[in-house]
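Below is the file my_file.csv, which contains CSV, C-alpha atoms.
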```csv
chain,number,residue,atom,x,y,z
S,1,MET,CA,40.9,58.8,70.1
S,2,PRO,CA,44.4,59.8,69.0
S,3,LEU,CA,45.0,63.3,68.0
S,4,PRO,CA,46.0,62.6,64.3
S,5,LEU,CA,42.8,60.6,63.8
S,6,LEU,CA,40.7,63.4,65.3
S,7,CYS,CA,42.4,65.9,63.0
S,8,CYS,CA,41.9,63.7,60.0
S,9,LEU,CA,38.1,63.3,60.9
S,10,ILE,CA,37.7,67.1,61.4
S,11,GLY,CA,39.5,67.7,58.1
S,12,LEU,CA,37.2,65.2,56.4
S,13,VAL,CA,34.1,66.7,57.9
S,14,PHE,CA,35.3,70.2,56.9
S,15,THR,CA,36.0,69.0,53.3
S,16,VAL,CA,32.5,67.4,53.1
S,17,ILE,CA,30.9,70.6,54.4
S,18,MET,CA,32.9,72.8,52.0
S,19,ALA,CA,32.0,70.5,49.1
S,20,MET,CA,28.3,70.8,50.0
S,21,VAL,CA,28.6,74.6,50.2
S,22,GLY,CA,30.5,74.7,46.9
S,23,GLY,CA,27.8,72.6,45.3
S,24,LEU,CA,25.0,74.8,46.6
S,25,LEU,CA,26.9,77.9,45.4
S,26,ASN,CA,27.5,76.4,42.0
S,27,ARG,CA,23.8,75.5,41.7
S,28,SER,CA,22.8,79.1,42.7
S,29,ILE,CA,25.2,80.6,40.2
S,30,ASN,CA,23.9,78.4,37.4
S,31,GLN,CA,20.3,79.4,38.2
S,32,MET,CA,21.3,83.1,38.2
S,33,ASP,CA,23.1,82.6,35.0
S,34,LYS,CA,20.0,81.1,33.4
S,35,LYS,CA,17.9,84.0,34.6
S,36,LEU,CA,20.5,86.4,33.3
S,37,ASP,CA,20.4,84.7,29.9
S,38,ALA,CA,16.6,84.9,29.8
S,39,ASN,CA,16.8,88.6,30.8
S,40,CYS,CA,19.4,89.3,28.1
S,41,ASP,CA,17.2,87.5,25.5
S,42,ALA,CA,14.2,89.5,26.6
S,43,VAL,CA,16.2,92.7,26.4
S,44,ALA,CA,17.4,91.8,22.9
S,45,ALA,CA,13.8,91.0,21.8
S,46,ILE,CA,12.6,94.4,23.2
S,47,THR,CA,15.5,96.2,21.5
S,48,ALA,CA,14.5,94.5,18.2
S,49,ASP,CA,10.9,95.5,18.7
S,50,LEU,CA,11.9,99.1,19.5
S,51,GLN,CA,14.0,99.2,16.3
S,52,GLY,CA,10.9,98.0,14.4
S,53,TYR,CA,8.8,100.7,16.1
S,54,LYS,CA,11.3,103.4,15.2
S,55,GLN,CA,11.2,102.3,11.5
S,56,LEU,CA,7.4,102.4,11.6
S,57,VAL,CA,7.5,105.9,13.1
S,58,GLU,CA,9.8,107.1,10.4
S,59,TYR,CA,7.6,105.5,7.7
S,60,LEU,CA,4.5,107.1,9.2
S,61,ARG,CA,6.2,110.5,9.6
S,62,ASP,CA,7.1,110.4,5.9
S,63,GLU,CA,3.6,109.4,5.0
S,64,VAL,CA,2.2,112.3,7.0
S,65,LYS,CA,4.6,114.8,5.3
S,66,GLU,CA,3.5,113.4,1.9
S,67,GLN,CA,-0.2,113.7,2.9
S,68,LYS,CA,0.3,117.3,4.0
S,69,THR,CA,1.9,118.1,0.7
S,70,GLU,CA,-0.9,116.5,-1.2
S,71,ASN,CA,-3.5,118.3,0.9
S,72,ARG,CA,-1.8,121.7,0.3
S,73,VAL,CA,-1.7,121.1,-3.4
S,74,LEU,CA,-5.4,120.0,-3.4
S,75,ARG,CA,-6.4,123.0,-1.3
S,76,ASP,CA,-4.5,125.4,-3.6
S,77,ALA,CA,-6.2,123.8,-6.7
S,78,HIS,CA,-9.6,124.1,-5.0
S,79,HIS,CA,-8.9,127.7,-4.2
S,80,ALA,CA,-7.9,128.4,-7.8
S,81,ILE,CA,-11.1,126.7,-9.1
S,82,ASP,CA,-13.2,128.8,-6.7
S,83,LYS,CA,-11.6,131.9,-7.9
S,84,SER,CA,-12.1,131.0,-11.5
S,85,ILE,CA,-15.8,130.3,-10.8
S,86,ALA,CA,-16.2,133.6,-9.0
S,87,VAL,CA,-14.5,135.5,-11.8
S,88,ALA,CA,-16.7,133.7,-14.4
S,89,ALA,CA,-19.9,134.4,-12.4
S,90,ALA,CA,-18.8,138.1,-12.0
S,91,MET,CA,-18.2,138.4,-15.7
S,92,LYS,CA,-21.5,136.7,-16.5
S,93,GLY,CA,-23.3,139.1,-14.1
S,94,ALA,CA,-21.5,142.1,-15.6
S,95,ALA,CA,-22.3,141.1,-19.2
S,96,HIS,CA,-26.1,141.1,-18.5
```

Can you give me the file's structure in the form of C-alpha coordinates?
Amino acid sequence: MPLPLLCCLIGLVFTVIMAMVGGLLNRSINQMDKKLDANCDAVAAITADLQGYKQLVEYLRDEVKEQKTENRVLRDAHHAIDKSIAVAAAMKGAAH
(Lines of atoms letter the chains of each structure in order from A and count residues from 1; the text may use other names and numbers.)
(Lines give C-alpha, C1' and ligand atoms only; values in the text may rest on other atoms or scores of the structure.)
Protein backbone atom coordinates (compact mmCIF):
# COMPACT_ATOMS: atom_id res chain seq x y z
CA MET A 1 0.00 0.00 0.00
CA PRO A 2 1.51 3.34 -0.96
CA LEU A 3 2.23 5.79 1.83
CA PRO A 4 -0.12 8.60 0.67
CA LEU A 5 -3.05 6.14 0.49
CA LEU A 6 -2.23 4.83 3.96
CA CYS A 7 -2.09 8.40 5.34
CA CYS A 8 -5.40 9.18 3.65
CA LEU A 9 -7.04 6.07 5.17
CA ILE A 10 -5.63 6.85 8.62
CA GLY A 11 -6.93 10.42 8.29
CA LEU A 12 -10.35 9.15 7.19
CA VAL A 13 -10.53 6.67 10.12
CA PHE A 14 -9.41 9.42 12.52
CA THR A 15 -12.06 11.78 11.11
CA VAL A 16 -14.80 9.14 11.52
CA ILE A 17 -13.68 8.43 15.10
CA MET A 18 -13.63 12.16 15.91
CA ALA A 19 -17.09 12.58 14.38
CA MET A 20 -18.42 9.73 16.54
CA VAL A 21 -16.82 11.18 19.67
CA GLY A 22 -18.18 14.61 18.77
CA GLY A 23 -21.67 13.17 18.26
CA LEU A 24 -21.54 11.39 21.62
CA LEU A 25 -20.33 14.54 23.36
CA ASN A 26 -23.06 16.58 21.67
CA ARG A 27 -25.71 14.10 22.81
CA SER A 28 -24.33 14.12 26.37
CA ILE A 29 -24.28 17.92 26.44
CA ASN A 30 -27.88 18.06 25.17
CA GLN A 31 -29.02 15.62 27.88
CA MET A 32 -27.23 17.64 30.57
CA ASP A 33 -28.80 20.81 29.18
CA LYS A 34 -32.28 19.27 29.40
CA LYS A 35 -31.62 18.17 32.98
CA LEU A 36 -30.34 21.63 33.83
CA ASP A 37 -33.46 23.21 32.32
CA ALA A 38 -35.64 20.86 34.36
CA ASN A 39 -33.68 21.72 37.51
CA CYS A 40 -33.95 25.45 36.80
CA ASP A 41 -37.70 25.07 36.29
CA ALA A 42 -37.94 23.19 39.59
CA VAL A 43 -35.92 25.88 41.36
CA ALA A 44 -38.18 28.58 39.90
CA ALA A 45 -41.28 26.68 41.08
CA ILE A 46 -39.82 26.23 44.57
CA THR A 47 -38.90 29.91 44.70
CA ALA A 48 -42.45 30.86 43.73
CA ASP A 49 -43.81 28.52 46.41
CA LEU A 50 -41.49 30.03 49.01
CA GLN A 51 -42.64 33.52 48.04
CA GLY A 52 -46.23 32.37 48.55
CA TYR A 53 -45.35 30.89 51.93
CA LYS A 54 -43.64 34.15 52.94
CA GLN A 55 -46.79 36.07 52.04
CA LEU A 56 -48.88 33.58 54.01
CA VAL A 57 -46.61 33.94 57.03
CA GLU A 58 -46.88 37.74 56.87
CA TYR A 59 -50.68 37.51 56.61
CA LEU A 60 -50.88 35.09 59.55
CA ARG A 61 -48.47 37.24 61.59
CA ASP A 62 -50.75 40.25 61.05
CA GLU A 63 -53.78 38.15 61.99
CA VAL A 64 -52.10 37.02 65.22
CA LYS A 65 -51.26 40.63 66.13
CA GLU A 66 -54.85 41.62 65.45
CA GLN A 67 -56.18 38.74 67.56
CA LYS A 68 -53.82 39.63 70.41
CA THR A 69 -55.07 43.21 70.34
CA GLU A 70 -58.68 42.05 70.31
CA ASN A 71 -58.02 39.63 73.19
CA ARG A 72 -56.36 42.40 75.23
CA VAL A 73 -59.36 44.70 74.66
CA LEU A 74 -61.80 41.94 75.62
CA ARG A 75 -59.75 41.04 78.71
CA ASP A 76 -59.67 44.67 79.82
CA ALA A 77 -63.43 45.01 79.25
CA HIS A 78 -64.09 41.80 81.20
CA HIS A 79 -61.89 43.05 84.03
CA ALA A 80 -63.79 46.38 84.10
CA ILE A 81 -67.13 44.53 84.19
CA ASP A 82 -65.91 42.32 87.04
CA LYS A 83 -64.80 45.42 88.96
CA SER A 84 -68.15 47.07 88.37
CA ILE A 85 -70.01 43.97 89.60
CA ALA A 86 -67.78 43.77 92.70
CA VAL A 87 -68.33 47.45 93.50
CA ALA A 88 -72.11 47.07 93.00
CA ALA A 89 -72.15 43.99 95.23
CA ALA A 90 -70.07 45.76 97.89
CA MET A 91 -72.36 48.77 97.82
CA LYS A 92 -75.43 46.55 98.00
CA GLY A 93 -73.93 44.69 100.97
CA ALA A 94 -73.02 47.95 102.70
CA ALA A 95 -76.50 49.38 102.16
CA HIS A 96 -78.16 46.52 104.05

Checklist entry - Can you tell me how far atom CA of S:Arg27 sits from atom CA of S:Gly11, in Å to one decimal? => result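 Interatomic distance, atom CA of S:Arg27 to atom CA of S:Gly11: 24.0 Å.
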
Item to check | Coordinates-based distance that separates atom CA of S:Asp62 from atom CA of S:Asp76 (Å, one decimal) | outcome: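 Taking atom CA of S:Asp76 as the start and atom CA of S:Asp62 as the end point, the length is 21.2 Å.
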
Checklist outcome for this item: re atom CA of S:Lys34 and atom CA of S:Thr15: distance 28.3 Å
